[in-house]
Amino acid sequence: MARRPEGFGELRYDYATRRLTFLRPRREAGRPLAEALADGLGAPICLTWELTYGCNLACVHCLSSSGRRDPRELSTEQALGVIEQLAALRVFYVNIGGGEPTIRRDFYDLVEACVTQGVGVKFSTNGTTMTPDRAERLAGSDYVDVQVSLDGADAATNDAIRGPGSYAAARQAMANLAAAGMVGFKVSVVATRQNVAQLDAFLALAEEHRAQLRVTRLRPSGRGARSWAELRPTPEQQRILHRWLLAHPEVLTGDSFFHLSALGAPLAGLNLCGAGRVVCLIDPVGDVYACPFALHPEFRAGSVLDPGGFAAVWRDSPLFARLRQPDAGSACSACGAYEACRGGCMAAKFFTGLPASAPDPECVFGHGEAALAALPAGAAPDPGPGHDPMGRPRAFRQPVRLSGVRLTGGAANRP
Amino acid sequence: MVTGEAQRRAQLVDGEPVTSEDGELVVEELVVEELSIDGMCGVY
């Protein structure tokens, strides 16, 4: 159990159950918890740390447009320094991602350093390096959680997004983790137009492996900017998704669908944009951003390599100070559902060219569609070439390897 | 200085005393709310 006093009271985190406890004086109880957290905290509760832009896949919706490693990537020594800073701030856990974070030679050393210093770890992986031996090592730790990415309940659906062989690799990783006795690892799905019909199948797959299903929102960020129009769920699918998530409270969402709370019953979670308030992101070169869905200079808060390190960025960044201000009012303020949806996702708005005061582009009442239609051509920011210099949003690399075994076309597509 | 009276009245949650930002024991009644670590937007 980790503990941390905050302005509103005290925060506690149980590493084994992965649950947070918020303790507030009863005289504060009239103020919603989300409102108290929107003011910001002394340190993030958790943060995403993308260790590398290198990746052996080229998913069409990649938030960080990953592919080739950046030569300015933090060294092992620099990364260990970041871990010390996070531990000193009592950040409860880091969500390690990338790219594919396990391709760094020092990946498991960095995970060990986090655990040793009391910082819990969940890492996101495409599963291509999850050998039985590694699964065994990971299964033995209460402090390390694993999240395998999967975007289709069959190879055809998944591999159209993540590349040939990726479904087979993810399924093998899941099998290895289950065989090692790792109960409750995460299977994380980005909800798309192509896979909303497979929600029951995803849940069955997760349960078959004693894993926990996680379904999250597709954002028009990174390579996702180019594929968003083709992949985003339809309005009817959003309603189906909302009903399905309400019917399955055991499915995690990373609170990524708070814009759907405008449909009626709120989904589990804070229903709050946590960017710069309770979470943030550190990128492979040490830059700090408001959140993983907003990797753009507009949302860059500073660098862990600046004087004062991460703590100074979290505490003093003008961007974060702005995000921690009460909402200045928007086109949504007068909407009866505003208290539920809070105007939606700032990253989704930014990368579709909408101002922060506009409705979410996927507003369930269609106000976002109307706002998008009124935009001039070219309003959305250019996502840029990302970290794949070939700039191939829909071309895939060679079939992936799992621990050195090359998957053939047949094996790669076997369910 | 924490008085004996304050220690007796101090809030315990999960058997642990609750302290404020300046390290003082919290003696007033508390509201306890729980949330999954996954319940915050901004983590993929």
# chains A, B, ... in the order shown; residues from 1 in each chain; ligands from 1
>>> interface_residues(of="chain A", to="chain B", cutoff="8 Å", atoms="only C-alpha atoms", output="MDAnalysis selection string")
chainID A and resid 5:7 9:10 18:26 29 47:48 95 216 252:256 268:275 278:280 291:293
>>> write_last_selection(atoms="C-alpha atoms", output="PDB file, in the first residue's frame")
ATOM      1  CA  PRO A   5      -1.100  13.355   1.255  1.00  0.00           C
ATOM      2  CA  GLU A   6      -2.732  15.765  -1.179  1.00  0.00           C
ATOM      3  CA  GLY A   7      -4.500  19.089  -0.854  1.00  0.00           C
ATOM      4  CA  GLY A   9      -6.878  14.772   1.768  1.00  0.00           C
ATOM      5  CA  GLU A  10      -4.946  11.586   1.136  1.00  0.00           C
ATOM      6  CA  ARG A  18      -4.610  -1.921  -8.313  1.00  0.00           C
ATOM      7  CA  ARG A  19      -7.210   0.195  -6.581  1.00  0.00           C
ATOM      8  CA  LEU A  20      -6.993   3.811  -5.507  1.00  0.00           C
ATOM      9  CA  THR A  21      -8.541   5.122  -2.329  1.00  0.00           C
ATOM     10  CA  PHE A  22      -9.354   8.829  -1.993  1.00  0.00           C
ATOM     11  CA  LEU A  23      -9.745  10.093   1.558  1.00  0.00           C
ATOM     12  CA  ARG A  24     -11.428  13.469   2.016  1.00  0.00           C
ATOM     13  CA  PRO A  25     -12.856  15.310   5.020  1.00  0.00           C
ATOM     14  CA  ARG A  26     -16.613  14.901   5.215  1.00  0.00           C
ATOM     15  CA  ALA A  29     -17.944  15.560   0.374  1.00  0.00           C
ATOM     16  CA  LEU A  47       1.644   8.434 -16.126  1.00  0.00           C
ATOM     17  CA  THR A  48       2.400   6.944 -19.493  1.00  0.00           C
ATOM     18  CA  ASN A  95       2.126   2.672 -17.979  1.00  0.00           C
ATOM     19  CA  THR A 216     -10.582   2.118 -25.299  1.00  0.00           C
ATOM     20  CA  LEU A 252     -11.978  -1.620 -18.216  1.00  0.00           C
ATOM     21  CA  THR A 253     -12.073   1.490 -20.376  1.00  0.00           C
ATOM     22  CA  GLY A 254      -9.340   3.756 -19.082  1.00  0.00           C
ATOM     23  CA  ASP A 255     -12.175   6.259 -18.630  1.00  0.00           C
ATOM     24  CA  SER A 256     -11.774   6.936 -22.339  1.00  0.00           C
ATOM     25  CA  ALA A 268     -17.252   3.697 -14.498  1.00  0.00           C
ATOM     26  CA  GLY A 269     -14.364   6.055 -13.886  1.00  0.00           C
ATOM     27  CA  LEU A 270     -13.766   9.654 -12.979  1.00  0.00           C
ATOM     28  CA  ASN A 271     -15.442  10.962 -16.164  1.00  0.00           C
ATOM     29  CA  LEU A 272     -12.727  13.569 -16.253  1.00  0.00           C
ATOM     30  CA  CYS A 273     -10.019  14.552 -18.696  1.00  0.00           C
ATOM     31  CA  GLY A 274      -6.960  13.727 -16.637  1.00  0.00           C
ATOM     32  CA  ALA A 275      -4.402  15.413 -18.909  1.00  0.00           C
ATOM     33  CA  VAL A 278      -3.748  13.500 -12.641  1.00  0.00           C
ATOM     34  CA  VAL A 279      -1.799  11.983 -15.562  1.00  0.00           C
ATOM     35  CA  CYS A 280       0.660  12.980 -18.258  1.00  0.00           C
ATOM     36  CA  CYS A 291      -1.411  12.931 -22.321  1.00  0.00           C
ATOM     37  CA  PRO A 292      -0.649  10.102 -24.794  1.00  0.00           C
ATOM     38  CA  PHE A 293      -3.353  11.263 -27.172  1.00  0.00           C
TER      39      PHE A 293
END
>>> select_by_dssp(residues="segment 201-315 of chain A", states="strand (DSSP E)", output="list in words")
Gln212, Leu213, Arg214, Val215, Thr216, Arg217, Leu281, Ile282, Asp287, Val288, Tyr289, Arg300, Ala301, Gly302 and Ser303 of chain A
>>> write_last_selection(atoms="N, CA and C atoms", output="PDB file, in the first residue's frame")
ATOM      1  N   GLN A 212      -8.201  -9.750 -18.252  1.00  0.00           N
ATOM      2  CA  GLN A 212      -9.231  -8.730 -18.120  1.00  0.00           C
ATOM      3  C   GLN A 212      -9.273  -7.915 -19.408  1.00  0.00           C
ATOM      4  N   LEU A 213     -10.460  -7.761 -19.954  1.00  0.00           N
ATOM      5  CA  LEU A 213     -10.610  -7.025 -21.196  1.00  0.00           C
ATOM      6  C   LEU A 213     -10.628  -5.528 -20.933  1.00  0.00           C
ATOM      7  N   ARG A 214      -9.993  -4.830 -21.823  1.00  0.00           N
ATOM      8  CA  ARG A 214      -9.981  -3.364 -21.771  1.00  0.00           C
ATOM      9  C   ARG A 214     -10.371  -2.876 -23.168  1.00  0.00           C
ATOM     10  N   VAL A 215     -11.320  -1.977 -23.242  1.00  0.00           N
ATOM     11  CA  VAL A 215     -11.751  -1.405 -24.519  1.00  0.00           C
ATOM     12  C   VAL A 215     -11.561   0.100 -24.421  1.00  0.00           C
ATOM     13  N   THR A 216     -10.849   0.679 -25.373  1.00  0.00           N
ATOM     14  CA  THR A 216     -10.582   2.118 -25.299  1.00  0.00           C
ATOM     15  C   THR A 216     -10.946   2.813 -26.593  1.00  0.00           C
ATOM     16  N   ARG A 217     -10.952   4.117 -26.522  1.00  0.00           N
ATOM     17  CA  ARG A 217     -11.421   4.955 -27.619  1.00  0.00           C
ATOM     18  C   ARG A 217     -10.337   5.184 -28.662  1.00  0.00           C
ATOM     19  N   LEU A 281       2.329  12.334 -19.904  1.00  0.00           N
ATOM     20  CA  LEU A 281       3.151  11.385 -20.651  1.00  0.00           C
ATOM     21  C   LEU A 281       4.584  11.880 -20.729  1.00  0.00           C
ATOM     22  N   ILE A 282       5.511  10.934 -20.638  1.00  0.00           N
ATOM     23  CA  ILE A 282       6.928  11.208 -20.933  1.00  0.00           C
ATOM     24  C   ILE A 282       7.251  10.453 -22.209  1.00  0.00           C
ATOM     25  N   ASP A 287      10.589  14.366 -23.453  1.00  0.00           N
ATOM     26  CA  ASP A 287       9.608  15.450 -23.466  1.00  0.00           C
ATOM     27  C   ASP A 287       8.353  15.033 -22.711  1.00  0.00           C
ATOM     28  N   VAL A 288       7.765  15.978 -22.022  1.00  0.00           N
ATOM     29  CA  VAL A 288       6.575  15.734 -21.223  1.00  0.00           C
ATOM     30  C   VAL A 288       5.376  16.344 -21.946  1.00  0.00           C
ATOM     31  N   TYR A 289       4.357  15.536 -22.137  1.00  0.00           N
ATOM     32  CA  TYR A 289       3.135  15.991 -22.789  1.00  0.00           C
ATOM     33  C   TYR A 289       1.949  15.800 -21.844  1.00  0.00           C
ATOM     34  N   ARG A 300       2.996  20.139 -25.403  1.00  0.00           N
ATOM     35  CA  ARG A 300       4.278  19.808 -24.777  1.00  0.00           C
ATOM     36  C   ARG A 300       4.487  20.722 -23.575  1.00  0.00           C
ATOM     37  N   ALA A 301       4.740  20.119 -22.422  1.00  0.00           N
ATOM     38  CA  ALA A 301       4.851  20.888 -21.187  1.00  0.00           C
ATOM     39  C   ALA A 301       6.293  21.191 -20.805  1.00  0.00           C
ATOM     40  N   GLY A 302       7.249  20.431 -21.346  1.00  0.00           N
ATOM     41  CA  GLY A 302       8.645  20.627 -20.962  1.00  0.00           C
ATOM     42  C   GLY A 302       9.408  19.344 -21.181  1.00  0.00           C
ATOM     43  N   SER A 303      10.543  19.210 -20.502  1.00  0.00           N
ATOM     44  CA  SER A 303      11.377  18.024 -20.650  1.00  0.00           C
ATOM     45  C   SER A 303      11.915  17.592 -19.296  1.00  0.00           C
TER      46      SER A 303
END
>>> atom_distance(atom1="atom CA of Thr129 of chain A", atom2="atom CA of Ala173 of chain A")
7.9 Å
>>> closest_residue(among="A:Arg324, A:Ala206, A:Gly366, A:Ala331", to="Ala36 of chain A", atoms="only C-alpha atoms")
A:Arg324
>>> decode(residues="segment 27-66 of chain A", atoms="C-alpha atoms", output="PDB file, in the first residue's frame")
ATOM      1  CA  ARG A  27     -17.011  18.673   4.928  1.00  0.00           C
ATOM      2  CA  GLU A  28     -15.590  18.358   1.371  1.00  0.00           C
ATOM      3  CA  ALA A  29     -17.944  15.560   0.374  1.00  0.00           C
ATOM      4  CA  GLY A  30     -20.403  17.922  -1.289  1.00  0.00           C
ATOM      5  CA  ARG A  31     -17.796  18.684  -3.956  1.00  0.00           C
ATOM      6  CA  PRO A  32     -17.546  15.938  -6.606  1.00  0.00           C
ATOM      7  CA  LEU A  33     -14.257  14.051  -6.457  1.00  0.00           C
ATOM      8  CA  ALA A  34     -13.567  14.785 -10.135  1.00  0.00           C
ATOM      9  CA  GLU A  35     -13.832  18.486  -9.418  1.00  0.00           C
ATOM     10  CA  ALA A  36     -11.328  18.229  -6.576  1.00  0.00           C
ATOM     11  CA  LEU A  37      -8.902  16.362  -8.848  1.00  0.00           C
ATOM     12  CA  ALA A  38      -9.366  18.780 -11.744  1.00  0.00           C
ATOM     13  CA  ASP A  39      -7.400  21.339  -9.724  1.00  0.00           C
ATOM     14  CA  GLY A  40      -4.347  19.119 -10.152  1.00  0.00           C
ATOM     15  CA  LEU A  41      -2.274  17.135  -7.680  1.00  0.00           C
ATOM     16  CA  GLY A  42       1.183  17.371  -6.179  1.00  0.00           C
ATOM     17  CA  ALA A  43       2.258  14.589  -8.531  1.00  0.00           C
ATOM     18  CA  PRO A  44       0.542  12.452 -11.166  1.00  0.00           C
ATOM     19  CA  ILE A  45      -1.326   9.438  -9.869  1.00  0.00           C
ATOM     20  CA  CYS A  46       0.110   7.552 -12.799  1.00  0.00           C
ATOM     21  CA  LEU A  47       1.644   8.434 -16.126  1.00  0.00           C
ATOM     22  CA  THR A  48       2.400   6.944 -19.493  1.00  0.00           C
ATOM     23  CA  TRP A  49       6.052   6.581 -20.365  1.00  0.00           C
ATOM     24  CA  GLU A  50       6.830   5.772 -23.974  1.00  0.00           C
ATOM     25  CA  LEU A  51      10.302   4.295 -23.835  1.00  0.00           C
ATOM     26  CA  THR A  52      10.934   4.136 -27.564  1.00  0.00           C
ATOM     27  CA  TYR A  53       9.445   5.093 -30.902  1.00  0.00           C
ATOM     28  CA  GLY A  54      10.934   1.912 -32.294  1.00  0.00           C
ATOM     29  CA  CYS A  55       8.431  -0.757 -33.240  1.00  0.00           C
ATOM     30  CA  ASN A  56       8.320  -3.943 -35.255  1.00  0.00           C
ATOM     31  CA  LEU A  57       4.736  -3.228 -36.293  1.00  0.00           C
ATOM     32  CA  ALA A  58       3.161  -0.281 -38.116  1.00  0.00           C
ATOM     33  CA  CYS A  59      -0.408  -0.120 -36.809  1.00  0.00           C
ATOM     34  CA  VAL A  60      -2.531   2.222 -38.888  1.00  0.00           C
ATOM     35  CA  HIS A  61      -3.883   4.024 -35.816  1.00  0.00           C
ATOM     36  CA  CYS A  62      -0.640   4.363 -33.816  1.00  0.00           C
ATOM     37  CA  LEU A  63      -0.929   7.345 -31.469  1.00  0.00           C
ATOM     38  CA  SER A  64       2.803   7.994 -31.543  1.00  0.00           C
ATOM     39  CA  SER A  65       3.322   7.196 -35.244  1.00  0.00           C
ATOM     40  CA  SER A  66       6.011   4.768 -34.129  1.00  0.00           C
TER      41      SER A  66
END
